[in-house]
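Undergrad: Handing you this structure, nothing more for now.
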Amino acid sequence: MNYKLKATNEQKQLTQELGLQIAKIRHDLGISRETLASKSKMHLQLIYDIESGRKNASIYMIARIARGLDLPLSDILKDIDLKTN
């Protein structure tokens, strides 16, 4: 049996917020996606997918991205919150 669950709207929202936050920080620091991918030791396509909200990043991936941005993990997560209706 396949128990794969569909992402809820809240999960999609958090994934998109995280991606936008990473893209904003990267842009503010003047770092290209290529440079971030290299410094994070991740594929460029994965960085693109995370920033665009297409890929739900694990905490390990987020930590690697934070390291690639030379920031503490908390700086990436600090402004992300679950908006409830």
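Going by the structure tokens order, chains are called A, B, ..., each with residues numbered from 1, while ligands are numbered from 1 in the order shown.
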Which residues, written as a list in words, have at least one atom at most 12 Å from Ser32 of chain A, with only C-alpha atoms counted and residues fewer than 6 positions away on the same chain left out?
TA: Ile22, Ala23, Lys24, Ile25, Arg26, Ser38, Lys39, Leu44, Ile47, Tyr48, Gly68 and Leu69 of chain A
Undergrad: Mind pulling up the distance from atom CA of Gln16 of chain A to atom CA of Ala57 of chain A?
TA: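 That distance, rounded to one decimal, is 10.4 Å.
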Undergrad: Which residue, A:Ala63, A:Ile31, A:Ile50, A:Ala37, has the smallest gap to Asp75 of chain A when you use only C-alpha atoms?
TA: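 Closest residue, counting only C-alpha atoms: A:Ala63.
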Undergrad: Between atom CA of Leu14 of chain A and atom CA of Asp28 of chain A, what is the distance, to one decimal in Å?
TA: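 Atom CA of Asp28 of chain A lies 20.8 Å from atom CA of Leu14 of chain A.
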Undergrad: Between atom CA of Leu36 of chain A and atom CA of Asp81 of chain A, measure the distance and give it in Å to one decimal.
TA: 24.0 Å
Undergrad: Tell me which of A:Ser40, A:Arg33, A:Arg67, A:Ser58 sits closest to Leu18 of chain A, counting only C-alpha atoms.
TA: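 Answer, going by the shortest atom-to-atom distance: A:Ser58.
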Undergrad: Closest to Ile62 of chain A among A:Thr35, A:Gly19, A:His43, A:Thr8, using only C-alpha atoms?
TA: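 Using only C-alpha atoms, Ile62 of chain A sits closest to A:Gly19.
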Undergrad: Could you pull out all residues of chain A with a DSSP call of helix (DSSP H, G or I) and give them as number ranges by chain?
TA: A: 9-28, 33-40, 44-51, 59-68, 73-77
Undergrad: Mind writing the picked residues with C-alpha atoms as a PDB file, in the first residue's frame?
TA:
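Full text of again_24.pdb as output:
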```
ATOM      1  CA  ASN A   9      -2.320  24.007   2.566  1.00  0.00           C
ATOM      2  CA  GLU A  10      -0.358  24.859   5.720  1.00  0.00           C
ATOM      3  CA  GLN A  11       2.548  22.662   4.624  1.00  0.00           C
ATOM      4  CA  LYS A  12       2.528  24.251   1.172  1.00  0.00           C
ATOM      5  CA  GLN A  13       2.435  27.716   2.730  1.00  0.00           C
ATOM      6  CA  LEU A  14       5.425  26.977   4.966  1.00  0.00           C
ATOM      7  CA  THR A  15       7.367  25.459   2.064  1.00  0.00           C
ATOM      8  CA  GLN A  16       6.739  28.572  -0.038  1.00  0.00           C
ATOM      9  CA  GLU A  17       7.594  30.938   2.826  1.00  0.00           C
ATOM     10  CA  LEU A  18      10.835  29.107   3.481  1.00  0.00           C
ATOM     11  CA  GLY A  19      11.796  29.269  -0.183  1.00  0.00           C
ATOM     12  CA  LEU A  20      11.049  32.976  -0.384  1.00  0.00           C
ATOM     13  CA  GLN A  21      13.040  33.601   2.800  1.00  0.00           C
ATOM     14  CA  ILE A  22      16.075  31.732   1.452  1.00  0.00           C
ATOM     15  CA  ALA A  23      15.856  33.546  -1.896  1.00  0.00           C
ATOM     16  CA  LYS A  24      15.548  36.943  -0.169  1.00  0.00           C
ATOM     17  CA  ILE A  25      18.516  36.320   2.115  1.00  0.00           C
ATOM     18  CA  ARG A  26      20.607  35.018  -0.782  1.00  0.00           C
ATOM     19  CA  HIS A  27      19.684  38.033  -2.899  1.00  0.00           C
ATOM     20  CA  ASP A  28      20.373  40.487  -0.044  1.00  0.00           C
ATOM     21  CA  ARG A  33      22.148  30.345  -6.823  1.00  0.00           C
ATOM     22  CA  GLU A  34      25.199  28.707  -8.367  1.00  0.00           C
ATOM     23  CA  THR A  35      27.445  29.935  -5.564  1.00  0.00           C
ATOM     24  CA  LEU A  36      24.949  28.893  -2.899  1.00  0.00           C
ATOM     25  CA  ALA A  37      24.642  25.441  -4.459  1.00  0.00           C
ATOM     26  CA  SER A  38      28.405  25.050  -4.490  1.00  0.00           C
ATOM     27  CA  LYS A  39      28.913  26.309  -0.920  1.00  0.00           C
ATOM     28  CA  SER A  40      26.015  24.173   0.352  1.00  0.00           C
ATOM     29  CA  LEU A  44      21.630  23.864  -8.391  1.00  0.00           C
ATOM     30  CA  GLN A  45      18.232  22.420  -9.360  1.00  0.00           C
ATOM     31  CA  LEU A  46      17.541  21.550  -5.713  1.00  0.00           C
ATOM     32  CA  ILE A  47      18.287  25.133  -4.636  1.00  0.00           C
ATOM     33  CA  TYR A  48      15.955  26.374  -7.368  1.00  0.00           C
ATOM     34  CA  ASP A  49      13.201  23.940  -6.314  1.00  0.00           C
ATOM     35  CA  ILE A  50      13.492  24.917  -2.642  1.00  0.00           C
ATOM     36  CA  GLU A  51      13.482  28.652  -3.373  1.00  0.00           C
ATOM     37  CA  ILE A  59      16.033  20.444   8.355  1.00  0.00           C
ATOM     38  CA  TYR A  60      19.333  18.972   7.194  1.00  0.00           C
ATOM     39  CA  MET A  61      18.995  20.685   3.803  1.00  0.00           C
ATOM     40  CA  ILE A  62      18.087  23.984   5.472  1.00  0.00           C
ATOM     41  CA  ALA A  63      21.133  23.691   7.730  1.00  0.00           C
ATOM     42  CA  ARG A  64      23.377  23.099   4.709  1.00  0.00           C
ATOM     43  CA  ILE A  65      21.882  26.154   2.989  1.00  0.00           C
ATOM     44  CA  ALA A  66      22.445  28.232   6.143  1.00  0.00           C
ATOM     45  CA  ARG A  67      26.071  27.078   6.192  1.00  0.00           C
ATOM     46  CA  GLY A  68      26.379  28.032   2.516  1.00  0.00           C
ATOM     47  CA  LEU A  73      20.109  28.282  10.949  1.00  0.00           C
ATOM     48  CA  SER A  74      17.941  30.496  13.156  1.00  0.00           C
ATOM     49  CA  ASP A  75      18.413  33.442  10.763  1.00  0.00           C
ATOM     50  CA  ILE A  76      16.668  31.514   8.002  1.00  0.00           C
ATOM     51  CA  LEU A  77      13.808  30.330  10.169  1.00  0.00           C
TER      52      LEU A  77
END
```
